[in-house]
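File shown here: input.cif, holding mmCIF, C-alpha atoms.
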data_model
loop_
_atom_site.group_PDB
_atom_site.id
_atom_site.type_symbol
_atom_site.label_atom_id
_atom_site.label_comp_id
_atom_site.auth_asym_id
_atom_site.auth_seq_id
_atom_site.Cartn_x
_atom_site.Cartn_y
_atom_site.Cartn_z
ATOM 1 C CA MET A 1 61.814 -64.707 -32.275
ATOM 2 C CA ASN A 2 62.378 -63.137 -28.867
ATOM 3 C CA VAL A 3 65.334 -63.279 -26.492
ATOM 4 C CA ASP A 4 63.977 -66.328 -24.656
ATOM 5 C CA ASP A 5 63.780 -68.273 -27.913
ATOM 6 C CA ILE A 6 67.370 -67.374 -28.761
ATOM 7 C CA VAL A 7 68.598 -68.389 -25.310
ATOM 8 C CA ASP A 8 66.680 -71.665 -25.558
ATOM 9 C CA ALA A 9 68.174 -72.377 -28.996
ATOM 10 C CA MET A 10 71.671 -71.812 -27.641
ATOM 11 C CA PHE A 11 71.441 -73.306 -24.148
ATOM 12 C CA GLY A 12 68.197 -75.279 -23.980
ATOM 13 C CA GLY A 13 70.017 -78.594 -23.818
ATOM 14 C CA LEU A 14 72.122 -77.815 -20.746
ATOM 15 C CA PRO A 15 69.924 -79.837 -18.324
ATOM 16 C CA VAL A 16 70.612 -82.992 -20.360
ATOM 17 C CA TYR A 17 74.033 -81.958 -21.666
ATOM 18 C CA GLY A 18 75.771 -85.168 -20.597
ATOM 19 C CA GLU A 19 73.231 -87.375 -22.317
ATOM 20 C CA ILE A 20 73.400 -85.385 -25.559
ATOM 21 C CA LEU A 21 77.197 -85.368 -25.467
ATOM 22 C CA ALA A 22 77.199 -89.156 -25.235
ATOM 23 C CA LEU A 23 75.076 -89.311 -28.385
ATOM 24 C CA VAL A 24 77.469 -87.134 -30.390
ATOM 25 C CA SER A 25 80.741 -88.618 -29.135
ATOM 26 C CA ASN A 26 81.448 -89.842 -32.674
ATOM 27 C CA SER A 27 81.286 -86.286 -33.945
ATOM 28 C CA VAL A 28 83.660 -85.082 -31.221
ATOM 29 C CA TRP A 29 86.261 -87.636 -32.281
ATOM 30 C CA ALA A 30 85.693 -86.864 -35.952
ATOM 31 C CA GLY A 31 85.998 -83.141 -35.256
ATOM 32 C CA ALA A 32 89.275 -83.616 -33.371
ATOM 33 C CA ILE A 33 90.774 -85.675 -36.175
ATOM 34 C CA LEU A 34 89.567 -83.230 -38.808
ATOM 35 C CA GLY A 35 90.974 -80.289 -36.862
ATOM 36 C CA LEU A 36 94.357 -82.010 -36.654
ATOM 37 C CA VAL A 37 94.580 -82.933 -40.338
ATOM 38 C CA GLY A 38 92.981 -79.693 -41.523
ATOM 39 C CA GLY A 39 95.413 -77.584 -39.538
ATOM 40 C CA LEU A 40 98.427 -79.436 -40.939
ATOM 41 C CA ILE A 41 97.311 -79.424 -44.556
ATOM 42 C CA GLY A 42 96.193 -75.809 -44.227
ATOM 43 C CA VAL A 43 99.826 -74.730 -43.827
ATOM 44 C CA PHE A 44 100.553 -75.951 -47.353
ATOM 45 C CA VAL A 45 97.298 -74.454 -48.636
ATOM 46 C CA LEU A 46 98.609 -71.044 -47.567
ATOM 47 C CA GLN A 47 102.135 -71.644 -48.826
ATOM 48 C CA ARG A 48 100.800 -72.662 -52.240
ATOM 49 C CA ASP A 49 98.251 -69.821 -52.281
ATOM 50 C CA MET A 50 95.332 -72.220 -52.703
ATOM 51 C CA ALA A 51 92.762 -70.932 -50.208
ATOM 52 C CA PHE A 52 90.403 -70.268 -53.117
ATOM 53 C CA ALA A 53 90.863 -73.888 -54.259
ATOM 54 C CA VAL A 54 89.525 -75.165 -50.939
ATOM 55 C CA HIS A 55 86.223 -73.419 -51.548
ATOM 56 C CA GLY A 56 86.101 -74.641 -55.152
ATOM 57 C CA ILE A 57 86.647 -78.255 -54.111
ATOM 58 C CA SER A 58 84.003 -77.969 -51.399
ATOM 59 C CA GLU A 59 81.368 -76.982 -53.976
ATOM 60 C CA LEU A 60 81.874 -80.176 -56.014
ATOM 61 C CA SER A 61 82.096 -82.159 -52.791
ATOM 62 C CA PHE A 62 78.701 -80.721 -51.904
ATOM 63 C CA ALA A 63 77.392 -81.754 -55.349
ATOM 64 C CA GLY A 64 78.706 -85.299 -54.888
ATOM 65 C CA ALA A 65 77.165 -85.573 -51.429
ATOM 66 C CA ALA A 66 73.832 -84.233 -52.702
ATOM 67 C CA ALA A 67 73.863 -86.729 -55.590
ATOM 68 C CA ALA A 68 74.507 -89.576 -53.156
ATOM 69 C CA LEU A 69 71.681 -88.349 -50.945
ATOM 70 C CA LEU A 70 69.345 -88.281 -53.948
ATOM 71 C CA ILE A 71 70.065 -91.838 -55.093
ATOM 72 C CA GLY A 72 70.233 -93.275 -51.588
ATOM 73 C CA ALA A 73 73.980 -93.940 -51.584
ATOM 74 C CA ASP A 74 76.463 -93.191 -48.811
ATOM 75 C CA VAL A 75 76.855 -89.427 -48.443
ATOM 76 C CA VAL A 76 80.505 -89.610 -47.375
ATOM 77 C CA THR A 77 81.377 -91.634 -50.481
ATOM 78 C CA GLY A 78 79.600 -89.153 -52.737
ATOM 79 C CA SER A 79 81.353 -86.263 -51.039
ATOM 80 C CA ILE A 80 84.747 -87.916 -51.502
ATOM 81 C CA VAL A 81 84.106 -88.624 -55.187
ATOM 82 C CA GLY A 82 83.124 -85.012 -55.824
ATOM 83 C CA SER A 83 86.126 -83.654 -53.915
ATOM 84 C CA VAL A 84 88.650 -85.931 -55.583
ATOM 85 C CA VAL A 85 87.335 -85.154 -59.074
ATOM 86 C CA ALA A 86 87.517 -81.408 -58.387
ATOM 87 C CA ALA A 87 90.975 -81.639 -56.809
ATOM 88 C CA LEU A 88 92.455 -83.634 -59.676
ATOM 89 C CA LEU A 89 90.919 -81.314 -62.265
ATOM 90 C CA ILE A 90 92.332 -78.254 -60.525
ATOM 91 C CA GLY A 91 95.720 -79.901 -60.049
ATOM 92 C CA TRP A 92 95.910 -81.181 -63.623
ATOM 93 C CA LEU A 93 94.591 -78.173 -65.521
ATOM 94 C CA GLY A 94 95.718 -75.401 -63.185
ATOM 95 C CA SER A 95 99.492 -75.661 -63.164
ATOM 96 C CA ARG A 96 99.766 -71.862 -63.049
ATOM 97 C CA ALA A 97 98.002 -69.663 -60.502
ATOM 98 C CA ARG A 98 96.096 -67.711 -63.158
ATOM 99 C CA ASP A 99 94.820 -70.895 -64.830
ATOM 100 C CA ARG A 100 93.987 -72.426 -61.457
ATOM 101 C CA ASN A 101 91.854 -69.483 -60.353
ATOM 102 C CA SER A 102 89.995 -69.487 -63.664
ATOM 103 C CA ILE A 103 89.252 -73.193 -63.384
ATOM 104 C CA ILE A 104 88.079 -72.810 -59.809
ATOM 105 C CA GLY A 105 85.851 -69.911 -60.830
ATOM 106 C CA VAL A 106 84.261 -72.162 -63.454
ATOM 107 C CA LEU A 107 83.897 -75.217 -61.204
ATOM 108 C CA MET A 108 82.404 -73.411 -58.204
ATOM 109 C CA PRO A 109 79.090 -72.298 -59.747
ATOM 110 C CA PHE A 110 78.835 -75.564 -61.673
ATOM 111 C CA GLY A 111 79.219 -77.642 -58.517
ATOM 112 C CA LEU A 112 76.915 -75.427 -56.490
ATOM 113 C CA GLY A 113 74.289 -75.527 -59.232
ATOM 114 C CA LEU A 114 74.428 -79.314 -59.435
ATOM 115 C CA GLY A 115 74.149 -79.598 -55.672
ATOM 116 C CA ILE A 116 71.116 -77.330 -55.561
ATOM 117 C CA LEU A 117 69.509 -79.333 -58.385
ATOM 118 C CA PHE A 118 70.032 -82.645 -56.594
ATOM 119 C CA LEU A 119 68.678 -81.242 -53.322
ATOM 120 C CA ALA A 120 65.630 -79.836 -55.118
ATOM 121 C CA LEU A 121 64.905 -83.311 -56.503
ATOM 122 C CA TYR A 122 65.395 -84.940 -53.105
ATOM 123 C CA ASP A 123 62.098 -85.481 -51.286
ATOM 124 C CA GLY A 124 63.482 -86.717 -47.979
ATOM 125 C CA ARG A 125 64.011 -84.893 -44.688
ATOM 126 C CA SER A 126 64.899 -81.225 -45.049
ATOM 127 C CA ALA A 127 67.451 -81.553 -42.233
ATOM 128 C CA ASN A 128 69.552 -83.795 -44.474
ATOM 129 C CA ARG A 129 69.684 -81.067 -47.126
ATOM 130 C CA PHE A 130 70.560 -78.350 -44.647
ATOM 131 C CA SER A 131 73.350 -80.370 -43.027
ATOM 132 C CA LEU A 132 75.273 -80.618 -46.312
ATOM 133 C CA LEU A 133 75.626 -76.837 -46.326
ATOM 134 C CA THR A 134 76.092 -76.048 -42.632
ATOM 135 C CA GLY A 135 77.150 -79.305 -40.993
ATOM 136 C CA GLN A 136 75.389 -81.428 -38.405
ATOM 137 C CA ILE A 137 76.782 -82.677 -35.089
ATOM 138 C CA VAL A 138 74.691 -85.857 -35.101
ATOM 139 C CA SER A 139 75.495 -86.773 -38.708
ATOM 140 C CA VAL A 140 78.464 -89.033 -37.924
ATOM 141 C CA GLN A 141 77.332 -92.585 -37.295
ATOM 142 C CA SER A 142 79.547 -95.343 -35.882
ATOM 143 C CA GLY A 143 80.218 -96.901 -39.269
ATOM 144 C CA GLN A 144 80.995 -93.550 -40.833
ATOM 145 C CA LEU A 145 83.360 -92.661 -37.976
ATOM 146 C CA GLY A 146 85.557 -95.605 -38.892
ATOM 147 C CA TRP A 147 85.731 -94.402 -42.493
ATOM 148 C CA LEU A 148 86.500 -90.847 -41.433
ATOM 149 C CA ILE A 149 89.276 -91.994 -39.100
ATOM 150 C CA ALA A 150 90.749 -94.257 -41.778
ATOM 151 C CA LEU A 151 90.673 -91.520 -44.404
ATOM 152 C CA SER A 152 92.163 -88.939 -42.059
ATOM 153 C CA ALA A 153 94.902 -91.353 -40.979
ATOM 154 C CA ALA A 154 95.717 -92.110 -44.613
ATOM 155 C CA VAL A 155 95.880 -88.397 -45.432
ATOM 156 C CA LEU A 156 98.097 -87.730 -42.417
ATOM 157 C CA ALA A 157 100.451 -90.608 -43.261
ATOM 158 C CA ALA A 158 100.728 -89.545 -46.912
ATOM 159 C CA LEU A 159 101.252 -85.919 -45.906
ATOM 160 C CA LEU A 160 104.100 -86.856 -43.578
ATOM 161 C CA LEU A 161 105.599 -89.045 -46.303
ATOM 162 C CA ILE A 162 105.827 -86.205 -48.838
ATOM 163 C CA TRP A 163 106.353 -83.448 -46.261
ATOM 164 C CA ARG A 164 109.886 -82.386 -47.232
ATOM 165 C CA PRO A 165 109.489 -82.322 -51.042
ATOM 166 C CA LEU A 166 106.049 -80.756 -50.676
ATOM 167 C CA ARG A 167 107.433 -78.002 -48.456
ATOM 168 C CA PHE A 168 110.309 -77.410 -50.882
ATOM 169 C CA ASP A 169 107.922 -77.249 -53.843
ATOM 170 C CA SER A 170 105.521 -74.962 -51.942
ATOM 171 C CA LEU A 171 108.171 -72.416 -50.932
ATOM 172 C CA ASP A 172 110.373 -72.434 -54.061
ATOM 173 C CA PRO A 173 108.880 -74.432 -56.972
ATOM 174 C CA GLN A 174 111.518 -73.315 -59.494
ATOM 175 C CA SER A 175 114.417 -74.480 -57.329
ATOM 176 C CA ALA A 176 112.551 -77.686 -56.475
ATOM 177 C CA ALA A 177 112.113 -78.516 -60.158
ATOM 178 C CA ALA A 178 115.777 -77.724 -60.841
ATOM 179 C CA ARG A 179 116.842 -80.081 -58.021
ATOM 180 C CA GLY A 180 114.863 -82.947 -59.530
ATOM 181 C CA VAL A 181 111.781 -82.842 -57.305
ATOM 182 C CA PRO A 182 108.796 -84.320 -59.223
ATOM 183 C CA THR A 183 106.737 -81.157 -58.851
ATOM 184 C CA VAL A 184 103.837 -82.332 -61.025
ATOM 185 C CA GLY A 185 103.440 -85.559 -59.083
ATOM 186 C CA ILE A 186 103.800 -83.736 -55.774
ATOM 187 C CA SER A 187 101.142 -81.215 -56.800
ATOM 188 C CA LEU A 188 98.674 -83.914 -57.865
ATOM 189 C CA ALA A 189 99.322 -85.892 -54.681
ATOM 190 C CA PHE A 190 98.718 -82.807 -52.558
ATOM 191 C CA MET A 191 95.509 -81.990 -54.425
ATOM 192 C CA LEU A 192 94.292 -85.546 -53.869
ATOM 193 C CA LEU A 193 94.978 -85.278 -50.140
ATOM 194 C CA LEU A 194 93.314 -81.882 -50.039
ATOM 195 C CA GLY A 195 90.252 -83.263 -51.812
ATOM 196 C CA ILE A 196 89.840 -86.080 -49.287
ATOM 197 C CA THR A 197 90.286 -83.667 -46.375
ATOM 198 C CA VAL A 198 87.676 -81.299 -47.813
ATOM 199 C CA ALA A 199 85.233 -84.199 -48.196
ATOM 200 C CA VAL A 200 85.632 -85.079 -44.519
ATOM 201 C CA ALA A 201 85.276 -81.397 -43.553
ATOM 202 C CA VAL A 202 82.071 -81.009 -45.582
ATOM 203 C CA HIS A 203 80.528 -83.853 -43.620
ATOM 204 C CA ILE A 204 81.280 -82.113 -40.298
ATOM 205 C CA ILE A 205 81.086 -78.368 -40.918
ATOM 206 C CA GLY A 206 79.222 -78.161 -44.234
ATOM 207 C CA ALA A 207 80.260 -77.078 -47.725
ATOM 208 C CA LEU A 208 79.867 -73.348 -47.168
ATOM 209 C CA LEU A 209 82.273 -72.984 -44.243
ATOM 210 C CA VAL A 210 85.041 -75.496 -44.922
ATOM 211 C CA MET A 211 87.765 -72.833 -44.908
ATOM 212 C CA ALA A 212 87.202 -72.256 -41.188
ATOM 213 C CA LEU A 213 89.125 -75.489 -40.522
ATOM 214 C CA LEU A 214 91.381 -75.737 -43.570
ATOM 215 C CA VAL A 215 92.585 -72.138 -43.850
ATOM 216 C CA THR A 216 91.901 -70.075 -40.716
ATOM 217 C CA PRO A 217 93.919 -72.169 -38.190
ATOM 218 C CA ALA A 218 97.007 -72.067 -40.415
ATOM 219 C CA ALA A 219 96.509 -68.362 -41.101
ATOM 220 C CA ALA A 220 96.402 -67.768 -37.341
ATOM 221 C CA ALA A 221 99.489 -69.894 -36.703
ATOM 222 C CA VAL A 222 101.702 -68.008 -39.169
ATOM 223 C CA ARG A 223 100.876 -64.791 -37.318
ATOM 224 C CA VAL A 224 102.539 -65.921 -34.099
ATOM 225 C CA ALA A 225 105.028 -68.613 -35.167
ATOM 226 C CA THR A 226 107.781 -68.827 -37.769
ATOM 227 C CA GLY A 227 109.574 -72.162 -37.368
ATOM 228 C CA PRO A 228 109.049 -75.054 -39.815
ATOM 229 C CA LEU A 229 107.812 -77.204 -36.928
ATOM 230 C CA ALA A 230 106.075 -74.572 -34.783
ATOM 231 C CA VAL A 231 103.673 -73.375 -37.497
ATOM 232 C CA PRO A 232 102.121 -76.777 -38.400
ATOM 233 C CA LEU A 233 101.914 -77.869 -34.763
ATOM 234 C CA LEU A 234 100.222 -74.637 -33.749
ATOM 235 C CA ALA A 235 97.890 -74.795 -36.756
ATOM 236 C CA ALA A 236 96.889 -78.351 -35.833
ATOM 237 C CA ALA A 237 96.243 -77.278 -32.226
ATOM 238 C CA PHE A 238 94.090 -74.364 -33.382
ATOM 239 C CA GLY A 239 92.140 -76.674 -35.679
ATOM 240 C CA VAL A 240 91.433 -79.171 -32.913
ATOM 241 C CA VAL A 241 90.347 -76.443 -30.477
ATOM 242 C CA SER A 242 88.031 -74.893 -33.077
ATOM 243 C CA ALA A 243 86.396 -78.163 -34.121
ATOM 244 C CA VAL A 244 86.026 -79.792 -30.713
ATOM 245 C CA GLY A 245 85.162 -76.532 -28.964
ATOM 246 C CA GLY A 246 82.484 -75.757 -31.540
ATOM 247 C CA ILE A 247 80.907 -79.181 -31.186
ATOM 248 C CA LEU A 248 80.928 -79.010 -27.375
ATOM 249 C CA LEU A 249 79.198 -75.619 -27.482
ATOM 250 C CA ALA A 250 76.666 -76.697 -30.111
ATOM 251 C CA VAL A 251 75.602 -79.667 -27.987
ATOM 252 C CA ALA A 252 74.098 -77.247 -25.452
ATOM 253 C CA GLY A 253 71.449 -76.058 -27.927
ATOM 254 C CA THR A 254 69.737 -76.776 -31.205
ATOM 255 C CA LEU A 255 71.759 -74.548 -33.528
ATOM 256 C CA PRO A 256 74.028 -75.972 -36.264
ATOM 257 C CA VAL A 257 77.624 -76.667 -35.329
ATOM 258 C CA SER A 258 79.194 -74.513 -38.045
ATOM 259 C CA PRO A 259 78.565 -71.061 -36.458
ATOM 260 C CA TYR A 260 80.326 -72.166 -33.281
ATOM 261 C CA ILE A 261 83.323 -73.630 -35.121
ATOM 262 C CA THR A 262 83.721 -70.610 -37.382
ATOM 263 C CA THR A 263 83.390 -68.188 -34.448
ATOM 264 C CA ILE A 264 86.055 -69.958 -32.384
ATOM 265 C CA SER A 265 88.331 -70.201 -35.405
ATOM 266 C CA PHE A 266 87.905 -66.522 -36.211
ATOM 267 C CA ALA A 267 88.450 -65.507 -32.575
ATOM 268 C CA ILE A 268 91.731 -67.448 -32.508
ATOM 269 C CA TYR A 269 92.829 -65.767 -35.727
ATOM 270 C CA LEU A 270 91.906 -62.336 -34.384
ATOM 271 C CA VAL A 271 93.891 -62.862 -31.181
ATOM 272 C CA CYS A 272 96.896 -64.177 -33.118
ATOM 273 C CA ARG A 273 96.764 -61.238 -35.493
ATOM 274 C CA ILE A 274 96.759 -58.777 -32.587
ATOM 275 C CA VAL A 275 99.611 -60.612 -30.859
ATOM 276 C CA GLY A 276 101.568 -60.813 -34.106
ATOM 277 C CA SER A 277 101.137 -57.127 -34.882
ATOM 278 C CA ARG A 278 102.251 -56.106 -31.380
ATOM 279 C CA ARG A 279 105.243 -58.402 -31.610
ATOM 280 C CA GLY A 280 106.137 -56.846 -34.953
ATOM 281 C CA ARG A 281 105.999 -53.363 -33.465
ATOM 282 C CA VAL A 282 108.263 -54.456 -30.612
ATOM 283 C CA VAL A 283 110.786 -55.957 -33.015
ATOM 284 C CA ARG A 284 110.829 -52.806 -35.152
ATOM 285 C CA ALA A 285 111.300 -50.685 -32.038
ATOM 286 C CA VAL A 286 114.161 -52.850 -30.723
ATOM 287 C CA ARG A 287 116.134 -53.046 -33.971
ATOM 288 C CA PRO A 288 117.075 -49.335 -34.186
ATOM 289 C CA ALA A 289 118.166 -49.437 -30.557
#

Kindly return the structure encoded in the file as structure tokens.
Amino acid sequence: MNVDDIVDAMFGGLPVYGEILALVSNSVWAGAILGLVGGLIGVFVLQRDMAFAVHGISELSFAGAAAALLIGADVVTGSIVGSVVAALLIGWLGSRARDRNSIIGVLMPFGLGLGILFLALYDGRSANRFSLLTGQIVSVQSGQLGWLIALSAAVLAALLLIWRPLRFDSLDPQSAAARGVPTVGISLAFMLLLGITVAVAVHIIGALLVMALLVTPAAAAVRVATGPLAVPLLAAAFGVVSAVGGILLAVAGTLPVSPYITTISFAIYLVCRIVGSRRGRVVRAVRPA
């Protein structure tokens, strides 16, 4: 592949950009909603030290989607089933961090192996297999968009409903339990919401790179913000910019959407880390004075 081929793969669709964008408008909306929900739920993923769990859930979500693809069922439904099963298993069996990491380490290769098996048995279009791993901007159809919006809205509503006890349990679980907060129920509810969000993310960005929308925006936000309201709002904004920006860039060529989303997300994190470190140096310099 020469330079011209690379340029064509990245920008070959610019002459008909408007027409292509109209075809993938469903994905733009789905990406915006996913960025919003992923950024918000990612704050609690960091607070509960569950970034590794996101990747573990995505592997079983990938297996569920691959199984649905093999039997001719709806891929989104299969992805949700796989994610929810993984999330509930992790939440139920992994009450302690050490147990949770062990369970995730067991589930990840199992889910990935099952997914690879189902894809090997699938004799349909190879693009369908590839999109489960790396995402596909044209994969969201009109009917599926309605499901994705409904699921994301349900996750957002439930997250707002349990926001205060979930935040209390995430920051100080011992005190939360002593004050009568149902920590077990809160943990299972959060894992269920996380599983549904991961399933939606797998459909957009692929199973391998889910953390770019469920971890990186929140990790960037905590570098430059500290307030209980500023961090989730900034994380949601970063998630929307990463998802929508990646899709808008991917439309110009023929490359998968995931490299664009992950690059934007990483660039935002890098800038926030630099800004946060400089701000920290300024604060340390001012305090002695």

Original post:
Near A:Ile80, within 10 Å and counting all atoms listed in the file, which residues show up once chain neighbours fewer than 2 positions away are dropped, as an MDAnalysis selection string?
Top reply: chainID A and resid 58 60:62 64:65 75:78 82:86 151 195:200 202:203

Original post:
Quick one, how far is atom CA of A:Ala73 from atom CA of A:Pro259?
Top reply: 27.8 Å

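Separating atom CA of A:Ala22 from atom CA of A:Gly245 is a distance of 15.4 Å.
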
Find the smallest box with edges along x, y and z containing every listed atom of stretch 28-31 of chain A, then add 6 Å on each side and report centre and edge lengths in Å to one decimal, as lines of an AutoDock Vina configuration file.
center_x = 85.0
center_y = -85.4
center_z = -33.6
size_x = 14.6
size_y = 16.5
size_z = 16.7

Subject >> Using all atoms listed in the file: which of A:Ala220, A:Trp29, A:Gly18, A:Ala67 has the shortest distance to A:Ile274 >> reply: A:Ala220

**OP:** Between A:Ile268, A:Ala201, A:Met191, A:Ala120, single out the one closest to A:Leu89, counting only C-alpha atoms.
**Re:**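 Closest to A:Leu89, using only C-alpha atoms: A:Met191.
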
Original post:
A:Met211, A:Ser152, A:Gly12, A:Arg167: which is nearest A:Leu229, counting only C-alpha atoms?
Top reply: A:Arg167

Subject >> One-decimal distance in Å that lies between atom CA of A:Asp172 and atom CA of A:Ile186 >> reply: 13.2 Å

Residue members of the PyMOL selection byres ((chain A and resi 11) around 10) in the file shown, as a short mmCIF file (atom, residue, chain, number, x, y, z; two decimals) with C-alpha atoms, in the frame of the given file:
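After the write, selection38.cif holds the following:
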data_model
loop_
_atom_site.label_atom_id
_atom_site.label_comp_id
_atom_site.auth_asym_id
_atom_site.auth_seq_id
_atom_site.Cartn_x
_atom_site.Cartn_y
_atom_site.Cartn_z
CA ASP A 5 63.78 -68.27 -27.91
CA ILE A 6 67.37 -67.37 -28.76
CA VAL A 7 68.60 -68.39 -25.31
CA ASP A 8 66.68 -71.67 -25.56
CA ALA A 9 68.17 -72.38 -29.00
CA MET A 10 71.67 -71.81 -27.64
CA GLY A 12 68.20 -75.28 -23.98
CA GLY A 13 70.02 -78.59 -23.82
CA LEU A 14 72.12 -77.82 -20.75
CA PRO A 15 69.92 -79.84 -18.32
CA TYR A 17 74.03 -81.96 -21.67
CA LEU A 249 79.20 -75.62 -27.48
CA ALA A 250 76.67 -76.70 -30.11
CA VAL A 251 75.60 -79.67 -27.99
CA ALA A 252 74.10 -77.25 -25.45
CA GLY A 253 71.45 -76.06 -27.93
CA THR A 254 69.74 -76.78 -31.20
CA LEU A 255 71.76 -74.55 -33.53
#

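The residues returned by the PyMOL selection byres ((chain A and resi 36) around 8) on the shown structure are Ala32, Ile33, Leu34, Gly35, Val37, Gly38, Gly39, Leu40, Ala236, Ala237, Gly239 and Val240 of chain A.
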
Pull C-alpha atoms from the residues just selected and write them as a short mmCIF file (atom, residue, chain, number, x, y, z; two decimals), in the frame of the given file.
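As a result, result_4.cif now contains:
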data_model
loop_
_atom_site.label_atom_id
_atom_site.label_comp_id
_atom_site.auth_asym_id
_atom_site.auth_seq_id
_atom_site.Cartn_x
_atom_site.Cartn_y
_atom_site.Cartn_z
CA ALA A 32 89.28 -83.62 -33.37
CA ILE A 33 90.77 -85.68 -36.17
CA LEU A 34 89.57 -83.23 -38.81
CA GLY A 35 90.97 -80.29 -36.86
CA VAL A 37 94.58 -82.93 -40.34
CA GLY A 38 92.98 -79.69 -41.52
CA GLY A 39 95.41 -77.58 -39.54
CA LEU A 40 98.43 -79.44 -40.94
CA ALA A 236 96.89 -78.35 -35.83
CA ALA A 237 96.24 -77.28 -32.23
CA GLY A 239 92.14 -76.67 -35.68
CA VAL A 240 91.43 -79.17 -32.91
#
